[in-house]
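Report on the following structure.
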Amino acid sequence: MGSLGALMKHPDDFYPLLKLKMAARNAEKQIPSEPHWGFCFSMLHKVSRSFALVIQQLDTELRHAVCIFYLVLRALDTVEDDTSVAADVKVPILIDFYRHIYDPDWHFSCGTKEYKVLMDQFHHVSAAFLELEKGYQEAIEDITLRMGAGMAKFICKEVETVDDYDEYCHYVAGLVGLGLSKLFHAYGSEDLAPESLSNSMGLFLQKTNIIRDYLEDINEIPKSRMFWPRQIWSKYVKKLEDLKDEENSVKAVQCLNDMVTNALLHVDDCLKYMSALRDPAIFRFCAIPQIMAIGTLALCYNNIKVFRGVVKMRRGLTAKVIDRTKSMTDVYGAFYDFSYILKAKVDKNDPNAQKTVSRLDSILKTCRDSGVLNKRKSYIIENQSNYTPFVVVLLFIIFAIFLVNLNPNWPNN
């Protein structure tokens with residue numbers, strides 16, 4: 001749950017946080033009893049709690065397919081990310097990974113912590129995959145084949161140009177968007193979305209993660225992971241790692257803003273994709289991460305803290321996004337509010353200020369033209385709270401007592 005200090009500043013977070021905690025506990029209770037499916041859903045909670053929550057929006061059949069799709073690609077990503085594995089070992093595994101998912105005896109030890117467990121016991125994932133309907137299997141196999149080949153290509157290739165950057169993001173995330181669209185279509189509730197829109201859904205999320213995770217990636221041991229394109233960062237520093245040095249703070253922020261401006265290119269496509277979805281559960285599954293992404297970009301923009309530590313949305317706001325995202329009205333409202341916040345942070349002296357404002361104005365216009373902004377109440381741009389500090393503290397204490405009684409292991413779980 002959020003800290004007492006955060007609740008003092010944002011007391012309206014309290015109820016959404018309570019609902020989020022209860023939803024997380026409910027999701028854990030719904031883990032299947034079969035050993036291989038139990039492993040898969042338990043592992044999903046360990047490698048991504050946020051995704052494990054969002055996936056609960058889906059019907060059981062589709063939830064199973066998406067869970068396996070996610071774990072297969074997470075395993076593939078674990079191979080790619082492990083900088084201790086030599087390239088000549090890593091590349092063949094990435095290329096052949098689409099075959100390994102059919103082999104219940106295959107495993108490869110790499111990664112750390114929960115990711116190592118996933119790789120060591122990958123036979124559980126394979127067993128679950130083999131129980132999926134053929135349409136789901138074919139979609140997962142196709143995307144795994146294409147993603148593995150793309151990852152292998154970039155093991156031996158630097159991200160030099162913006163085109164390289166888009167290509168890399170396509171392989172590691174755009175293909176996820178394409179794969180999910182295939183799964184939704186196989187489920188029977190959605191038309192097959194245009195590949196360009198599906199690709200943008202993945203690129204917007206991936207570029208946001210690459211921007212936010214600069215410091216973690218550059219400090220990776222034994223070898224840095226470098227995803228920011230040289231075509232952008234070389235305008236500001238001689239080496240990508242120089243951005244974290246305090247003497248380069250001004251240039252670092254300018255480079256950061258350039259990267260955010262690049263990511264904003266994909267927003268219009270994302271809004272088009274989401275507006276075409278018919279199934280309410282699939283809509284929420286897709287919309288929540290996209291709102292989190294635009295919120296994260298608004299937080300990262302012009303923020304030197306990206307080069308000093310972890311920058312992420314407060315948990316209470318995340319809980320509100322999960323709780324209140326139910327329709328395109330909510331999506332347009334959230335994108336409008338976060339774009340408005342981001343635009344207010346633009347420094348007219350920034351080298352890309354005009355380009356940034358132009359892209360934000362386009363997003364704001366799309367949201368206004370939807371005609372639904374007057375139908376919602378913003379929870380992002382907040383008014384003065386009516387809660388007194390005493391009431392907030394009292395609510396926090398009551399909530400803590402409730403959680404301790406509910407789960408003796410809290411807050412250590």
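In the structure tokens, each chain is lettered A, B, ... as it comes, each chain's residues begin at 1, and ligands are numbered from 1 in order of appearance.
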
Mind checking which residues fall within 7 Å of His123 in chain A, counting only C-alpha atoms, ignoring those fewer than 5 positions away in the same chain, and posting them as a list in words?
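Listed by chain and then number, they are Pro104, Asp105, Trp106 and His107 of chain A.
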
Mind checking DSSP for range 43-77 of chain A and telling me the alpha helix (DSSP H) residues as a PyMOL selection string?
chain A and resi 43-47+49-54+60-77

Would you save the residues from that selection as a PDB file, in the first residue's frame, using N, CA and C atoms?
ATOM      1  N   MET A  43       4.167 -17.930 -11.115  1.00  0.00           N
ATOM      2  CA  MET A  43       5.324 -17.263 -11.692  1.00  0.00           C
ATOM      3  C   MET A  43       4.938 -15.903 -12.272  1.00  0.00           C
ATOM      4  N   LEU A  44       3.757 -15.829 -12.858  1.00  0.00           N
ATOM      5  CA  LEU A  44       3.286 -14.548 -13.393  1.00  0.00           C
ATOM      6  C   LEU A  44       3.212 -13.506 -12.289  1.00  0.00           C
ATOM      7  N   HIS A  45       2.727 -13.891 -11.125  1.00  0.00           N
ATOM      8  CA  HIS A  45       2.656 -12.960  -9.995  1.00  0.00           C
ATOM      9  C   HIS A  45       4.049 -12.516  -9.544  1.00  0.00           C
ATOM     10  N   LYS A  46       5.037 -13.391  -9.704  1.00  0.00           N
ATOM     11  CA  LYS A  46       6.388 -13.068  -9.248  1.00  0.00           C
ATOM     12  C   LYS A  46       7.149 -12.181 -10.231  1.00  0.00           C
ATOM     13  N   VAL A  47       6.959 -12.414 -11.531  1.00  0.00           N
ATOM     14  CA  VAL A  47       7.729 -11.645 -12.518  1.00  0.00           C
ATOM     15  C   VAL A  47       7.046 -10.341 -12.886  1.00  0.00           C
ATOM     16  N   ARG A  49       3.714  -8.326 -11.031  1.00  0.00           N
ATOM     17  CA  ARG A  49       2.479  -8.222 -10.256  1.00  0.00           C
ATOM     18  C   ARG A  49       1.437  -7.380 -10.981  1.00  0.00           C
ATOM     19  N   SER A  50       1.910  -6.317 -11.639  1.00  0.00           N
ATOM     20  CA  SER A  50       0.966  -5.429 -12.324  1.00  0.00           C
ATOM     21  C   SER A  50       0.275  -6.173 -13.472  1.00  0.00           C
ATOM     22  N   PHE A  51       1.049  -6.930 -14.242  1.00  0.00           N
ATOM     23  CA  PHE A  51       0.449  -7.682 -15.344  1.00  0.00           C
ATOM     24  C   PHE A  51      -0.472  -8.766 -14.806  1.00  0.00           C
ATOM     25  N   ALA A  52      -0.079  -9.391 -13.700  1.00  0.00           N
ATOM     26  CA  ALA A  52      -0.911 -10.439 -13.099  1.00  0.00           C
ATOM     27  C   ALA A  52      -2.265  -9.882 -12.675  1.00  0.00           C
ATOM     28  N   LEU A  53      -2.301  -8.603 -12.302  1.00  0.00           N
ATOM     29  CA  LEU A  53      -3.564  -7.970 -11.946  1.00  0.00           C
ATOM     30  C   LEU A  53      -4.377  -7.627 -13.184  1.00  0.00           C
ATOM     31  N   VAL A  54      -3.722  -7.048 -14.178  1.00  0.00           N
ATOM     32  CA  VAL A  54      -4.427  -6.619 -15.381  1.00  0.00           C
ATOM     33  C   VAL A  54      -5.006  -7.816 -16.130  1.00  0.00           C
ATOM     34  N   THR A  60     -11.472 -16.721 -18.610  1.00  0.00           N
ATOM     35  CA  THR A  60     -10.534 -17.788 -18.257  1.00  0.00           C
ATOM     36  C   THR A  60      -9.759 -18.323 -19.461  1.00  0.00           C
ATOM     37  N   GLU A  61     -10.445 -18.629 -20.547  1.00  0.00           N
ATOM     38  CA  GLU A  61      -9.780 -19.207 -21.721  1.00  0.00           C
ATOM     39  C   GLU A  61      -8.714 -18.264 -22.275  1.00  0.00           C
ATOM     40  N   LEU A  62      -9.088 -17.005 -22.461  1.00  0.00           N
ATOM     41  CA  LEU A  62      -8.135 -16.034 -23.004  1.00  0.00           C
ATOM     42  C   LEU A  62      -7.050 -15.704 -21.984  1.00  0.00           C
ATOM     43  N   ARG A  63      -7.416 -15.685 -20.714  1.00  0.00           N
ATOM     44  CA  ARG A  63      -6.430 -15.423 -19.658  1.00  0.00           C
ATOM     45  C   ARG A  63      -5.339 -16.478 -19.663  1.00  0.00           C
ATOM     46  N   HIS A  64      -5.702 -17.738 -19.853  1.00  0.00           N
ATOM     47  CA  HIS A  64      -4.709 -18.806 -19.918  1.00  0.00           C
ATOM     48  C   HIS A  64      -3.766 -18.614 -21.107  1.00  0.00           C
ATOM     49  N   ALA A  65      -4.329 -18.289 -22.261  1.00  0.00           N
ATOM     50  CA  ALA A  65      -3.500 -18.111 -23.458  1.00  0.00           C
ATOM     51  C   ALA A  65      -2.551 -16.927 -23.301  1.00  0.00           C
ATOM     52  N   VAL A  66      -3.056 -15.821 -22.763  1.00  0.00           N
ATOM     53  CA  VAL A  66      -2.218 -14.624 -22.599  1.00  0.00           C
ATOM     54  C   VAL A  66      -1.143 -14.854 -21.539  1.00  0.00           C
ATOM     55  N   CYS A  67      -1.476 -15.597 -20.491  1.00  0.00           N
ATOM     56  CA  CYS A  67      -0.488 -15.925 -19.456  1.00  0.00           C
ATOM     57  C   CYS A  67       0.685 -16.690 -20.059  1.00  0.00           C
ATOM     58  N   ILE A  68       0.396 -17.705 -20.865  1.00  0.00           N
ATOM     59  CA  ILE A  68       1.465 -18.505 -21.473  1.00  0.00           C
ATOM     60  C   ILE A  68       2.246 -17.671 -22.481  1.00  0.00           C
ATOM     61  N   PHE A  69       1.551 -16.884 -23.273  1.00  0.00           N
ATOM     62  CA  PHE A  69       2.204 -15.981 -24.218  1.00  0.00           C
ATOM     63  C   PHE A  69       3.193 -15.075 -23.490  1.00  0.00           C
ATOM     64  N   TYR A  70       2.758 -14.499 -22.381  1.00  0.00           N
ATOM     65  CA  TYR A  70       3.615 -13.595 -21.603  1.00  0.00           C
ATOM     66  C   TYR A  70       4.830 -14.335 -21.054  1.00  0.00           C
ATOM     67  N   LEU A  71       4.634 -15.523 -20.481  1.00  0.00           N
ATOM     68  CA  LEU A  71       5.744 -16.257 -19.873  1.00  0.00           C
ATOM     69  C   LEU A  71       6.740 -16.755 -20.913  1.00  0.00           C
ATOM     70  N   VAL A  72       6.250 -17.179 -22.080  1.00  0.00           N
ATOM     71  CA  VAL A  72       7.158 -17.599 -23.154  1.00  0.00           C
ATOM     72  C   VAL A  72       8.043 -16.431 -23.572  1.00  0.00           C
ATOM     73  N   LEU A  73       7.435 -15.268 -23.760  1.00  0.00           N
ATOM     74  CA  LEU A  73       8.215 -14.102 -24.186  1.00  0.00           C
ATOM     75  C   LEU A  73       9.092 -13.571 -23.053  1.00  0.00           C
ATOM     76  N   ARG A  74       8.647 -13.722 -21.821  1.00  0.00           N
ATOM     77  CA  ARG A  74       9.486 -13.336 -20.679  1.00  0.00           C
ATOM     78  C   ARG A  74      10.705 -14.233 -20.594  1.00  0.00           C
ATOM     79  N   ALA A  75      10.533 -15.515 -20.851  1.00  0.00           N
ATOM     80  CA  ALA A  75      11.666 -16.441 -20.861  1.00  0.00           C
ATOM     81  C   ALA A  75      12.637 -16.082 -21.990  1.00  0.00           C
ATOM     82  N   LEU A  76      12.087 -15.803 -23.166  1.00  0.00           N
ATOM     83  CA  LEU A  76      12.913 -15.376 -24.300  1.00  0.00           C
ATOM     84  C   LEU A  76      13.691 -14.116 -23.946  1.00  0.00           C
ATOM     85  N   ASP A  77      13.010 -13.176 -23.303  1.00  0.00           N
ATOM     86  CA  ASP A  77      13.629 -11.919 -22.884  1.00  0.00           C
ATOM     87  C   ASP A  77      14.711 -12.154 -21.836  1.00  0.00           C
TER      88      ASP A  77
END

Please provide as JSON, numbers by chain all residues within 12 Å of Leu277 in chain A, with the sequence filter that same-chain residues fewer than 2 positions apart are discarded (counting only C-alpha atoms).
{"A": [181, 184, 185, 189, 190, 191, 192, 193, 198, 270, 271, 272, 273, 274, 275, 279, 280, 281, 282, 283, 284, 285, 286, 287, 327, 328]}

Write a file of the just-selected residues containing C-alpha atoms, as a compact mmCIF listing (two decimals), in the first residue's frame.
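Output file out.txt follows:
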# COMPACT_ATOMS: atom_id res chain seq x y z
CA SER A 181 -4.24 -8.99 -31.47
CA PHE A 184 -7.98 -11.69 -29.29
CA HIS A 185 -9.00 -12.66 -32.83
CA SER A 189 -14.36 -11.37 -29.81
CA GLU A 190 -12.31 -8.91 -31.91
CA ASP A 191 -11.51 -8.26 -35.54
CA LEU A 192 -7.83 -8.66 -36.39
CA ALA A 193 -6.38 -5.18 -35.88
CA SER A 198 -0.84 -3.27 -32.97
CA CYS A 270 -2.79 3.67 -29.71
CA LEU A 271 -5.98 5.69 -29.32
CA LYS A 272 -7.25 4.36 -32.67
CA TYR A 273 -6.50 0.77 -31.64
CA MET A 274 -8.27 1.06 -28.30
CA SER A 275 -11.30 2.85 -29.74
CA ASP A 279 -14.94 -6.60 -25.62
CA PRO A 280 -14.95 -4.61 -22.33
CA ALA A 281 -12.51 -7.00 -20.64
CA ILE A 282 -10.02 -6.89 -23.51
CA PHE A 283 -10.43 -3.12 -23.62
CA ARG A 284 -9.46 -2.73 -19.96
CA PHE A 285 -6.57 -5.18 -20.38
CA CYS A 286 -5.18 -3.03 -23.20
CA ALA A 287 -6.07 0.43 -21.91
CA SER A 327 -14.33 3.09 -21.36
CA MET A 328 -12.78 5.28 -24.06

Counting only C-alpha atoms, what is within 7 Å of range 169-175 of chain A, bar same-chain residues fewer than 5 positions away, as an MDAnalysis selection string?
chainID A and resid 143 147 150:151 198:203 206

Counting only C-alpha atoms, which residues of range 245-359 of chain A fall within 12 Å of range 153-163 of chain A, and what is the closest atom pair for each with its distance in Å at one decimal, ordered by chain and rising number, as JSON lines?
{"residue": "A:Asp258", "atom": "CA", "partner": "A:Val162", "partner_atom": "CA", "distance": 11.5}
{"residue": "A:Met259", "atom": "CA", "partner": "A:Val162", "partner_atom": "CA", "distance": 10.1}
{"residue": "A:Asn262", "atom": "CA", "partner": "A:Val162", "partner_atom": "CA", "distance": 9.0}
{"residue": "A:Ala263", "atom": "CA", "partner": "A:Val162", "partner_atom": "CA", "distance": 11.1}

Using only all heavy atoms, please write the residues we just selected to a file, as a compact mmCIF listing (two decimals), in the first residue's frame.
# COMPACT_ATOMS: atom_id res chain seq x y z
N ASP A 258 14.02 14.70 -25.69
CA ASP A 258 14.05 14.27 -27.08
C ASP A 258 13.48 12.85 -27.20
O ASP A 258 12.68 12.54 -28.11
CB ASP A 258 15.49 14.30 -27.59
CG ASP A 258 15.60 14.43 -29.11
OD1 ASP A 258 14.61 14.14 -29.80
OD2 ASP A 258 16.69 14.80 -29.59
N MET A 259 13.87 11.97 -26.28
CA MET A 259 13.39 10.59 -26.28
C MET A 259 11.88 10.53 -26.00
O MET A 259 11.15 9.75 -26.64
CB MET A 259 14.14 9.78 -25.23
CG MET A 259 15.60 9.52 -25.55
SD MET A 259 15.83 8.31 -26.87
CE MET A 259 15.32 6.80 -26.04
N ASN A 262 9.97 11.55 -29.05
CA ASN A 262 9.92 10.44 -30.01
C ASN A 262 8.81 9.45 -29.66
O ASN A 262 8.07 9.00 -30.54
CB ASN A 262 11.28 9.74 -30.06
CG ASN A 262 11.26 8.47 -30.89
OD1 ASN A 262 10.95 7.39 -30.38
ND2 ASN A 262 11.56 8.59 -32.17
N ALA A 263 8.68 9.12 -28.40
CA ALA A 263 7.67 8.14 -27.97
C ALA A 263 6.25 8.63 -28.23
O ALA A 263 5.35 7.84 -28.52
CB ALA A 263 7.85 7.81 -26.49

Range 290-303 of chain A: which residues within 8 Å, counting only C-alpha atoms, same-chain residues fewer than 6 positions away excluded, as a list in words?
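Residues near the query, excluding close chain neighbours: Met201, Phe204, Leu205, Thr208, Ile211, Arg212, Val253, Gln254, Leu256, Asn257, Val260, Cys270, Val311, Lys312, Met313, Thr318, Val321, Val331, Ala334, Phe335, Phe338, Ser339, Ile341, Leu342, Lys345 and Val346 of chain A.
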
Kindly export the residues of the current selection with N, CA and C atoms, as an mmCIF file, in the first residue's frame.
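The resulting selection-v7.cif:
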data_model
loop_
_atom_site.group_PDB
_atom_site.id
_atom_site.type_symbol
_atom_site.label_atom_id
_atom_site.label_comp_id
_atom_site.auth_asym_id
_atom_site.auth_seq_id
_atom_site.Cartn_x
_atom_site.Cartn_y
_atom_site.Cartn_z
ATOM 1 N N MET A 201 1.032 0.015 -30.350
ATOM 2 C CA MET A 201 0.673 -0.286 -28.954
ATOM 3 C C MET A 201 1.885 -0.820 -28.199
ATOM 4 N N PHE A 204 4.878 2.013 -27.960
ATOM 5 C CA PHE A 204 4.652 3.068 -26.971
ATOM 6 C C PHE A 204 5.019 2.582 -25.570
ATOM 7 N N LEU A 205 4.638 1.360 -25.245
ATOM 8 C CA LEU A 205 4.979 0.810 -23.930
ATOM 9 C C LEU A 205 6.484 0.572 -23.803
ATOM 10 N N THR A 208 8.566 3.779 -23.488
ATOM 11 C CA THR A 208 8.400 4.328 -22.140
ATOM 12 C C THR A 208 9.295 3.594 -21.149
ATOM 13 N N ILE A 211 13.001 4.530 -21.666
ATOM 14 C CA ILE A 211 13.281 5.862 -21.114
ATOM 15 C C ILE A 211 13.385 5.795 -19.595
ATOM 16 N N ARG A 212 12.394 5.193 -18.968
ATOM 17 C CA ARG A 212 12.357 5.122 -17.504
ATOM 18 C C ARG A 212 13.517 4.329 -16.928
ATOM 19 N N VAL A 253 18.921 16.071 -19.540
ATOM 20 C CA VAL A 253 17.484 16.351 -19.549
ATOM 21 C C VAL A 253 17.009 16.679 -20.962
ATOM 22 N N GLN A 254 17.815 17.399 -21.724
ATOM 23 C CA GLN A 254 17.453 17.699 -23.107
ATOM 24 C C GLN A 254 17.351 16.417 -23.936
ATOM 25 N N LEU A 256 16.736 13.400 -22.702
ATOM 26 C CA LEU A 256 15.557 12.729 -22.177
ATOM 27 C C LEU A 256 14.287 13.268 -22.846
ATOM 28 N N ASN A 257 14.188 14.586 -22.936
ATOM 29 C CA ASN A 257 13.013 15.193 -23.549
ATOM 30 C C ASN A 257 12.889 14.830 -25.025
ATOM 31 N N VAL A 260 11.404 11.332 -25.064
ATOM 32 C CA VAL A 260 9.971 11.358 -24.767
ATOM 33 C C VAL A 260 9.188 11.843 -25.977
ATOM 34 N N CYS A 270 -2.293 4.381 -30.889
ATOM 35 C CA CYS A 270 -2.787 3.668 -29.705
ATOM 36 C C CYS A 270 -4.251 4.009 -29.430
ATOM 37 N N VAL A 311 12.137 6.293 -11.233
ATOM 38 C CA VAL A 311 11.023 7.223 -11.391
ATOM 39 C C VAL A 311 9.800 6.417 -11.815
ATOM 40 N N LYS A 312 8.752 6.464 -11.015
ATOM 41 C CA LYS A 312 7.526 5.768 -11.395
ATOM 42 C C LYS A 312 6.335 6.437 -10.726
ATOM 43 N N MET A 313 5.166 6.185 -11.283
ATOM 44 C CA MET A 313 3.947 6.754 -10.732
ATOM 45 C C MET A 313 3.706 6.224 -9.318
ATOM 46 N N THR A 318 -1.664 4.647 -9.601
ATOM 47 C CA THR A 318 -1.777 3.392 -10.341
ATOM 48 C C THR A 318 -3.077 2.676 -9.981
ATOM 49 N N VAL A 321 -5.952 4.326 -11.717
ATOM 50 C CA VAL A 321 -6.011 3.984 -13.146
ATOM 51 C C VAL A 321 -6.667 2.622 -13.322
ATOM 52 N N VAL A 331 -10.161 6.757 -21.130
ATOM 53 C CA VAL A 331 -8.871 6.795 -21.826
ATOM 54 C C VAL A 331 -8.599 8.195 -22.367
ATOM 55 N N ALA A 334 -7.779 10.513 -19.462
ATOM 56 C CA ALA A 334 -6.450 10.310 -18.875
ATOM 57 C C ALA A 334 -5.355 10.821 -19.809
ATOM 58 N N PHE A 335 -5.466 10.504 -21.099
ATOM 59 C CA PHE A 335 -4.457 10.980 -22.050
ATOM 60 C C PHE A 335 -4.478 12.502 -22.152
ATOM 61 N N PHE A 338 -2.795 13.826 -18.719
ATOM 62 C CA PHE A 338 -1.343 13.615 -18.651
ATOM 63 C C PHE A 338 -0.611 14.419 -19.725
ATOM 64 N N SER A 339 -1.223 14.569 -20.904
ATOM 65 C CA SER A 339 -0.600 15.389 -21.952
ATOM 66 C C SER A 339 -0.594 16.858 -21.542
ATOM 67 N N ILE A 341 -0.421 17.927 -18.434
ATOM 68 C CA ILE A 341 0.637 18.032 -17.419
ATOM 69 C C ILE A 341 2.004 18.085 -18.085
ATOM 70 N N LEU A 342 2.208 17.213 -19.081
ATOM 71 C CA LEU A 342 3.490 17.163 -19.778
ATOM 72 C C LEU A 342 3.756 18.481 -20.508
ATOM 73 N N LYS A 345 5.178 21.261 -18.538
ATOM 74 C CA LYS A 345 6.582 21.110 -18.124
ATOM 75 C C LYS A 345 7.570 21.483 -19.228
ATOM 76 N N VAL A 346 7.063 21.737 -20.438
ATOM 77 C CA VAL A 346 7.956 22.028 -21.563
ATOM 78 C C VAL A 346 8.621 23.395 -21.372
#
